[in-house]
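Trainee: Following this line is start-v7.tsv, made up of TSV, N, CA and C atoms:
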```tsv
chain	number	residue	atom	x	y	z
A	1	MET	N	-1.22	74.47	12.86
A	1	MET	CA	-0.85	73.10	13.09
A	1	MET	C	0.63	72.93	12.76
A	2	ALA	N	1.30	72.15	13.56
A	2	ALA	CA	2.70	71.82	13.33
A	2	ALA	C	2.90	70.35	13.67
A	3	LEU	N	3.92	69.76	13.12
A	3	LEU	CA	4.24	68.36	13.38
A	3	LEU	C	5.55	68.30	14.14
A	4	VAL	N	5.53	67.68	15.32
A	4	VAL	CA	6.74	67.51	16.13
A	4	VAL	C	7.35	66.17	15.77
A	5	VAL	N	8.62	66.18	15.44
A	5	VAL	CA	9.31	64.98	14.97
A	5	VAL	C	10.52	64.73	15.85
A	6	GLY	N	10.67	63.50	16.34
A	6	GLY	CA	11.89	63.13	17.08
A	6	GLY	C	13.06	63.10	16.12
A	7	ALA	N	14.02	63.94	16.32
A	7	ALA	CA	15.15	64.05	15.40
A	7	ALA	C	16.43	63.59	16.06
A	8	CYS	N	17.29	63.02	15.28
A	8	CYS	CA	18.66	62.70	15.70
A	8	CYS	C	18.69	61.93	17.01
A	9	GLY	N	17.86	60.96	17.15
A	9	GLY	CA	17.87	60.15	18.36
A	9	GLY	C	16.71	60.46	19.29
A	10	GLY	N	16.29	61.71	19.36
A	10	GLY	CA	15.16	62.09	20.20
A	10	GLY	C	15.25	61.48	21.58
A	11	SER	N	14.16	60.91	22.07
A	11	SER	CA	14.16	60.37	23.42
A	11	SER	C	13.99	58.85	23.45
A	12	GLY	N	13.97	58.20	22.28
A	12	GLY	CA	13.75	56.77	22.23
A	12	GLY	C	15.01	55.96	22.47
A	13	THR	N	14.85	54.65	22.59
A	13	THR	CA	15.99	53.75	22.73
A	13	THR	C	16.73	53.72	21.41
A	14	ASN	N	18.03	53.80	21.47
A	14	ASN	CA	18.82	53.96	20.27
A	14	ASN	C	20.16	53.27	20.47
A	15	THR	N	20.66	52.60	19.48
A	15	THR	CA	21.94	51.91	19.60
A	15	THR	C	23.10	52.88	19.77
A	16	PHE	N	22.90	54.16	19.53
A	16	PHE	CA	23.98	55.14	19.66
A	16	PHE	C	24.07	55.72	21.06
A	17	ASN	N	23.13	55.42	21.95
A	17	ASN	CA	23.10	56.03	23.28
A	17	ASN	C	24.37	55.79	24.08
A	18	ASP	N	25.05	54.66	23.87
A	18	ASP	CA	26.26	54.35	24.62
A	18	ASP	C	27.51	55.01	24.04
A	19	ASP	N	27.39	55.60	22.88
A	19	ASP	CA	28.52	56.27	22.25
A	19	ASP	C	28.75	57.60	22.95
A	20	PRO	N	29.96	57.89	23.41
A	20	PRO	CA	30.21	59.16	24.12
A	20	PRO	C	29.96	60.39	23.24
A	21	ARG	N	29.90	60.21	21.93
A	21	ARG	CA	29.62	61.34	21.03
A	21	ARG	C	28.13	61.57	20.84
A	22	TYR	N	27.30	60.68	21.38
A	22	TYR	CA	25.84	60.79	21.24
A	22	TYR	C	25.35	62.06	21.94
A	23	LEU	N	24.61	62.88	21.20
A	23	LEU	CA	24.16	64.17	21.72
A	23	LEU	C	22.76	64.13	22.30
A	24	GLY	N	21.94	63.14	21.95
A	24	GLY	CA	20.56	63.11	22.43
A	24	GLY	C	19.82	64.38	22.05
A	25	LEU	N	19.94	64.78	20.80
A	25	LEU	CA	19.34	66.03	20.35
A	25	LEU	C	17.82	66.01	20.50
A	26	GLY	N	17.23	67.16	20.65
A	26	GLY	CA	15.80	67.29	20.85
A	26	GLY	C	14.99	67.12	19.58
A	27	ASN	N	13.72	67.41	19.69
A	27	ASN	CA	12.79	67.30	18.58
A	27	ASN	C	12.85	68.51	17.68
A	28	ILE	N	12.45	68.29	16.43
A	28	ILE	CA	12.26	69.40	15.51
A	28	ILE	C	10.77	69.54	15.25
A	29	VAL	N	10.37	70.70	14.77
A	29	VAL	CA	8.96	70.98	14.47
A	29	VAL	C	8.85	71.38	13.01
A	30	LEU	N	8.03	70.65	12.25
A	30	LEU	CA	7.72	71.04	10.87
A	30	LEU	C	6.54	71.99	10.96
A	31	VAL	N	6.80	73.26	10.76
A	31	VAL	CA	5.79	74.29	10.93
A	31	VAL	C	4.91	74.34	9.69
A	32	GLU	N	3.61	74.52	9.93
A	32	GLU	CA	2.65	74.56	8.82
A	32	GLU	C	3.14	75.51	7.74
A	33	GLY	N	3.10	75.02	6.51
A	33	GLY	CA	3.58	75.82	5.37
A	33	GLY	C	2.50	75.97	4.33
A	34	THR	N	2.87	75.77	3.09
A	34	THR	CA	1.93	75.93	1.97
A	34	THR	C	1.65	74.59	1.32
A	35	LEU	N	0.44	74.46	0.79
A	35	LEU	CA	0.03	73.28	0.04
A	35	LEU	C	-0.52	73.76	-1.29
A	36	ALA	N	0.13	73.37	-2.38
A	36	ALA	CA	-0.27	73.82	-3.72
A	36	ALA	C	-1.34	72.89	-4.30
A	37	ASP	N	-2.02	73.36	-5.33
A	37	ASP	CA	-3.07	72.58	-5.98
A	37	ASP	C	-2.56	71.26	-6.55
A	38	ASP	N	-1.28	71.18	-6.90
A	38	ASP	CA	-0.72	69.95	-7.46
A	38	ASP	C	-0.30	68.93	-6.40
A	39	GLY	N	-0.54	69.25	-5.11
A	39	GLY	CA	-0.20	68.33	-4.02
A	39	GLY	C	1.17	68.55	-3.42
A	40	SER	N	1.93	69.48	-3.96
A	40	SER	CA	3.24	69.76	-3.37
A	40	SER	C	3.08	70.65	-2.15
A	41	PHE	N	4.00	70.52	-1.20
A	41	PHE	CA	3.93	71.32	0.01
A	41	PHE	C	5.34	71.72	0.44
A	42	ALA	N	5.42	72.77	1.24
A	42	ALA	CA	6.72	73.25	1.74
A	42	ALA	C	6.48	74.06	3.00
A	43	GLY	N	7.49	74.09	3.87
A	43	GLY	CA	7.39	74.87	5.09
A	43	GLY	C	8.74	75.01	5.76
A	44	LYS	N	8.73	75.55	6.94
A	44	LYS	CA	9.95	75.82	7.72
A	44	LYS	C	10.09	74.81	8.85
A	45	ILE	N	11.32	74.65	9.33
A	45	ILE	CA	11.62	73.77	10.45
A	45	ILE	C	12.15	74.61	11.60
A	46	GLU	N	11.68	74.29	12.82
A	46	GLU	CA	12.14	74.96	14.03
A	46	GLU	C	12.56	73.90	15.04
A	47	ASN	N	13.41	74.27	16.00
A	47	ASN	CA	13.67	73.42	17.16
A	47	ASN	C	12.45	73.52	18.06
A	48	GLU	N	12.04	72.41	18.67
A	48	GLU	CA	10.90	72.44	19.57
A	48	GLU	C	11.18	73.41	20.72
A	49	GLY	N	10.23	74.30	21.00
A	49	GLY	CA	10.39	75.28	22.07
A	49	GLY	C	11.11	76.55	21.65
A	50	ASN	N	11.46	76.67	20.37
A	50	ASN	CA	12.17	77.85	19.88
A	50	ASN	C	11.65	78.16	18.48
A	51	THR	N	11.19	79.36	18.24
A	51	THR	CA	10.60	79.69	16.95
A	51	THR	C	11.62	80.15	15.91
A	52	LEU	N	12.89	80.03	16.20
A	52	LEU	CA	13.93	80.38	15.23
A	52	LEU	C	13.94	79.33	14.12
A	53	THR	N	13.83	79.76	12.88
A	53	THR	CA	13.85	78.84	11.75
A	53	THR	C	15.25	78.27	11.57
A	54	ILE	N	15.34	76.93	11.53
A	54	ILE	CA	16.64	76.27	11.34
A	54	ILE	C	16.71	75.50	10.03
A	55	GLY	N	15.62	75.48	9.26
A	55	GLY	CA	15.66	74.76	7.99
A	55	GLY	C	14.34	74.77	7.27
A	56	ASP	N	14.23	73.89	6.28
A	56	ASP	CA	13.06	73.82	5.41
A	56	ASP	C	12.68	72.36	5.17
A	57	PHE	N	11.42	72.14	4.81
A	57	PHE	CA	10.97	70.84	4.35
A	57	PHE	C	10.09	71.04	3.13
A	58	ALA	N	9.98	70.02	2.30
A	58	ALA	CA	9.13	70.08	1.11
A	58	ALA	C	8.80	68.65	0.69
A	59	GLY	N	7.73	68.50	-0.06
A	59	GLY	CA	7.36	67.18	-0.54
A	59	GLY	C	6.12	67.23	-1.40
A	60	ILE	N	5.51	66.07	-1.57
A	60	ILE	CA	4.32	65.97	-2.42
A	60	ILE	C	3.38	64.89	-1.89
A	61	ILE	N	2.10	65.11	-2.06
A	61	ILE	CA	1.06	64.14	-1.73
A	61	ILE	C	0.72	63.41	-3.02
A	62	GLY	N	0.61	62.08	-2.95
A	62	GLY	CA	0.33	61.32	-4.17
A	62	GLY	C	-0.31	59.99	-3.85
A	63	GLY	N	-0.32	59.11	-4.83
A	63	GLY	CA	-0.91	57.79	-4.67
A	63	GLY	C	-2.41	57.82	-4.93
A	64	ASP	N	-3.04	56.65	-4.83
A	64	ASP	CA	-4.48	56.56	-5.02
A	64	ASP	C	-5.20	57.45	-4.03
A	65	ALA	N	-5.99	58.38	-4.51
A	65	ALA	CA	-6.78	59.30	-3.69
A	65	ALA	C	-5.91	60.09	-2.71
A	66	GLY	N	-4.64	60.31	-3.06
A	66	GLY	CA	-3.76	61.10	-2.21
A	66	GLY	C	-3.51	60.49	-0.85
A	67	GLN	N	-3.35	59.16	-0.77
A	67	GLN	CA	-3.22	58.48	0.51
A	67	GLN	C	-1.80	58.37	1.04
A	68	ALA	N	-0.84	59.01	0.38
A	68	ALA	CA	0.55	58.95	0.87
A	68	ALA	C	1.23	60.28	0.60
A	69	LEU	N	2.29	60.51	1.35
A	69	LEU	CA	3.09	61.71	1.09
A	69	LEU	C	4.55	61.37	1.29
A	70	ALA	N	5.39	62.09	0.59
A	70	ALA	CA	6.83	61.92	0.70
A	70	ALA	C	7.47	63.29	0.64
A	71	GLY	N	8.59	63.42	1.30
A	71	GLY	CA	9.27	64.71	1.29
A	71	GLY	C	10.67	64.62	1.85
A	72	GLY	N	11.28	65.76	1.95
A	72	GLY	CA	12.63	65.84	2.46
A	72	GLY	C	12.79	67.01	3.41
A	73	THR	N	13.83	66.93	4.24
A	73	THR	CA	14.14	68.00	5.18
A	73	THR	C	15.60	68.40	5.04
A	74	ARG	N	15.88	69.64	5.38
A	74	ARG	CA	17.25	70.14	5.47
A	74	ARG	C	17.25	71.17	6.58
A	75	PHE	N	18.08	70.93	7.60
A	75	PHE	CA	18.18	71.93	8.66
A	75	PHE	C	19.62	72.00	9.16
A	76	GLU	N	19.94	73.13	9.78
A	76	GLU	CA	21.32	73.39	10.19
A	76	GLU	C	21.35	74.24	11.45
A	77	THR	N	22.52	74.34	12.06
A	77	THR	CA	22.73	75.14	13.26
A	77	THR	C	21.70	74.79	14.33
A	78	PHE	N	21.56	73.49	14.62
A	78	PHE	CA	20.56	73.04	15.57
A	78	PHE	C	21.15	72.62	16.91
A	79	THR	N	22.46	72.71	17.07
A	79	THR	CA	23.09	72.40	18.35
A	79	THR	C	24.35	73.24	18.51
A	80	ASP	N	24.68	73.56	19.74
A	80	ASP	CA	25.91	74.30	20.01
A	80	ASP	C	27.12	73.36	20.08
A	81	ALA	N	26.88	72.05	20.00
A	81	ALA	CA	27.97	71.07	20.12
A	81	ALA	C	28.88	71.04	18.89
A	82	TYR	N	28.38	71.49	17.75
A	82	TYR	CA	29.15	71.47	16.50
A	82	TYR	C	29.03	72.82	15.81
A	83	GLU	N	29.92	73.04	14.86
A	83	GLU	CA	29.84	74.22	14.00
A	83	GLU	C	29.52	73.76	12.59
A	84	ASN	N	28.70	74.53	11.90
A	84	ASN	CA	28.36	74.29	10.49
A	84	ASN	C	27.70	72.93	10.25
A	85	GLU	N	26.94	72.41	11.22
A	85	GLU	CA	26.27	71.13	11.04
A	85	GLU	C	25.07	71.28	10.12
A	86	ILE	N	24.85	70.27	9.29
A	86	ILE	CA	23.70	70.22	8.38
A	86	ILE	C	23.13	68.81	8.44
A	87	GLU	N	21.83	68.70	8.56
A	87	GLU	CA	21.14	67.41	8.62
A	87	GLU	C	20.15	67.34	7.47
A	88	TYR	N	20.20	66.24	6.71
A	88	TYR	CA	19.25	65.99	5.64
A	88	TYR	C	18.42	64.78	6.02
A	89	GLY	N	17.17	64.76	5.62
A	89	GLY	CA	16.32	63.61	5.90
A	89	GLY	C	15.24	63.45	4.85
A	90	VAL	N	14.64	62.27	4.82
A	90	VAL	CA	13.52	62.00	3.93
A	90	VAL	C	12.42	61.32	4.74
A	91	PHE	N	11.19	61.43	4.29
A	91	PHE	CA	10.08	60.76	4.94
A	91	PHE	C	9.07	60.32	3.89
A	92	VAL	N	8.43	59.17	4.17
A	92	VAL	CA	7.34	58.64	3.35
A	92	VAL	C	6.29	58.16	4.35
A	93	LEU	N	5.09	58.71	4.27
A	93	LEU	CA	4.05	58.44	5.26
A	93	LEU	C	2.69	58.24	4.61
A	94	ASP	N	1.83	57.51	5.30
A	94	ASP	CA	0.42	57.48	4.93
A	94	ASP	C	-0.21	58.78	5.40
A	95	ILE	N	-1.27	59.21	4.76
A	95	ILE	CA	-1.99	60.41	5.16
A	95	ILE	C	-2.79	60.11	6.43
A	96	CYS	N	-2.75	61.02	7.40
A	96	CYS	CA	-3.53	60.88	8.63
A	96	CYS	C	-4.95	61.41	8.40
A	97	GLU	N	-5.90	60.72	9.00
A	97	GLU	CA	-7.28	61.15	8.94
A	97	GLU	C	-7.82	61.28	10.36
A	98	VAL	N	-8.88	62.04	10.52
A	98	VAL	CA	-9.49	62.19	11.84
A	98	VAL	C	-9.83	60.82	12.39
A	99	GLY	N	-9.43	60.56	13.64
A	99	GLY	CA	-9.68	59.28	14.28
A	99	GLY	C	-8.48	58.35	14.23
A	100	ASP	N	-7.44	58.65	13.42
A	100	ASP	CA	-6.24	57.82	13.40
A	100	ASP	C	-5.55	57.91	14.75
A	101	THR	N	-5.06	56.79	15.26
A	101	THR	CA	-4.47	56.76	16.60
A	101	THR	C	-2.96	56.56	16.59
A	102	GLY	N	-2.34	56.43	15.43
A	102	GLY	CA	-0.89	56.30	15.37
A	102	GLY	C	-0.20	57.55	15.91
A	103	THR	N	0.98	57.37	16.50
A	103	THR	CA	1.70	58.50	17.12
A	103	THR	C	1.91	59.64	16.14
A	104	ILE	N	2.32	59.34	14.93
A	104	ILE	CA	2.58	60.41	13.96
A	104	ILE	C	1.29	61.20	13.69
A	105	CYS	N	0.15	60.54	13.72
A	105	CYS	CA	-1.11	61.22	13.45
A	105	CYS	C	-1.59	62.01	14.67
A	106	THR	N	-1.49	61.45	15.86
A	106	THR	CA	-1.98	62.18	17.04
A	106	THR	C	-1.13	63.39	17.35
A	107	ASN	N	0.12	63.40	16.88
A	107	ASN	CA	0.98	64.58	17.07
A	107	ASN	C	0.76	65.65	16.02
A	108	SER	N	0.09	65.31	14.91
A	108	SER	CA	0.00	66.28	13.83
A	108	SER	C	-1.40	66.77	13.52
A	109	LEU	N	-2.42	66.02	13.87
A	109	LEU	CA	-3.78	66.46	13.57
A	109	LEU	C	-4.25	67.51	14.56
A	110	PRO	N	-4.96	68.52	14.09
A	110	PRO	CA	-5.50	69.53	15.02
A	110	PRO	C	-6.55	68.93	15.92
A	111	ASP	N	-6.73	69.49	17.10
A	111	ASP	CA	-7.75	69.02	18.04
A	111	ASP	C	-9.14	69.31	17.52
```
Spit out the file's structure as structure tokens when you get a sec.
Mentor:
Amino acid sequence: MALVVGACGGSGTNTFNDDPRYLGLGNIVLVEGTLADDGSFAGKIENEGNTLTIGDFAGIIGGDAGQALAGGTRFETFTDAYENEIEYGVFVLDICEVGDTGTICTNSLPD
């Protein structure tokens, strides 16, 4: 299982689209990693359609009955438009369960 995430503008409507410097970068993929007994997790990041590792993510599951998760991302060398680029990000999400219909859940739950 992997999670595909729209990164750096992705394909949605964005106020930066009219900026000539806007790159319209593609999606990143948070590749399944490890989940420890304490609720912490970590894994690798790839560009969608390319299995070359471009970064890492990590975080923790917490809250009442483990109903939320938070983490961070760090990835680099994800476009030929720049040299030495590094992108940092954070995320805070509710946990997806079977039957959830939100976009983040339908993209990440196994069939």
Trainee: Can you tell me, as AutoDock Vina command-line options, the centre and edge lengths (Å, one decimal) of the axis-aligned box enclosing all of stretch 90-99 of chain A's listed atoms after padding each side by 8 Å?
Mentor:
```
--center_x 2.4 --center_y 59.9 --center_z 8.8 --size_x 40.5 --size_y 20.8 --size_z 26.9
```
Trainee: Measuring atom to atom with only C-alpha atoms, identify which of A:Glu76, A:Leu69, A:Gly89, A:Ile60 is nearest to A:Ala36.
Mentor: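 Checking each of A:Glu76, A:Leu69, A:Gly89, A:Ile60 against A:Ala36, counting only C-alpha atoms, the winner is A:Ile60.
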Trainee: Just how far from atom CA of A:Arg74 is atom CA of A:Val92, in Å to one decimal?
Mentor: 15.3 Å
Trainee: Work out how far apart atom N of A:Leu93 and atom CA of A:Gly71 are and give it in Å to one decimal.
Mentor: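 Atom-to-atom, atom N of A:Leu93 to atom CA of A:Gly71, that is 7.9 Å.
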Trainee: Choose the residue, out of A:Asp94, A:Thr77, A:Ile61, A:Asn84, that has the smallest atom-to-atom separation from A:Gly39; count all atoms listed in the file.
Mentor: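 Nearest to A:Gly39: A:Ile61.
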Trainee: What is the atom C of A:Ala68-atom C of A:Asp38 distance in Å, reported with one decimal?
Mentor: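 Between these atoms lies a distance of 11.2 Å.
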Trainee: Hey, which of A:Val90, A:Cys96, A:Ala42, A:Leu52 ends up closest to A:Gly72? Count only C-alpha atoms.
Mentor: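 Smallest distance to A:Gly72 is found for A:Val90.
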Trainee: If I put a ball of radius 6 Å at (9.1, 76.7, 9.7) in the file's coordinates, which residues poke into it when counting all atoms listed in the file, written as JSON, numbers by chain?
Mentor: {"A": [30, 31, 32, 43, 44, 45, 46, 53]}
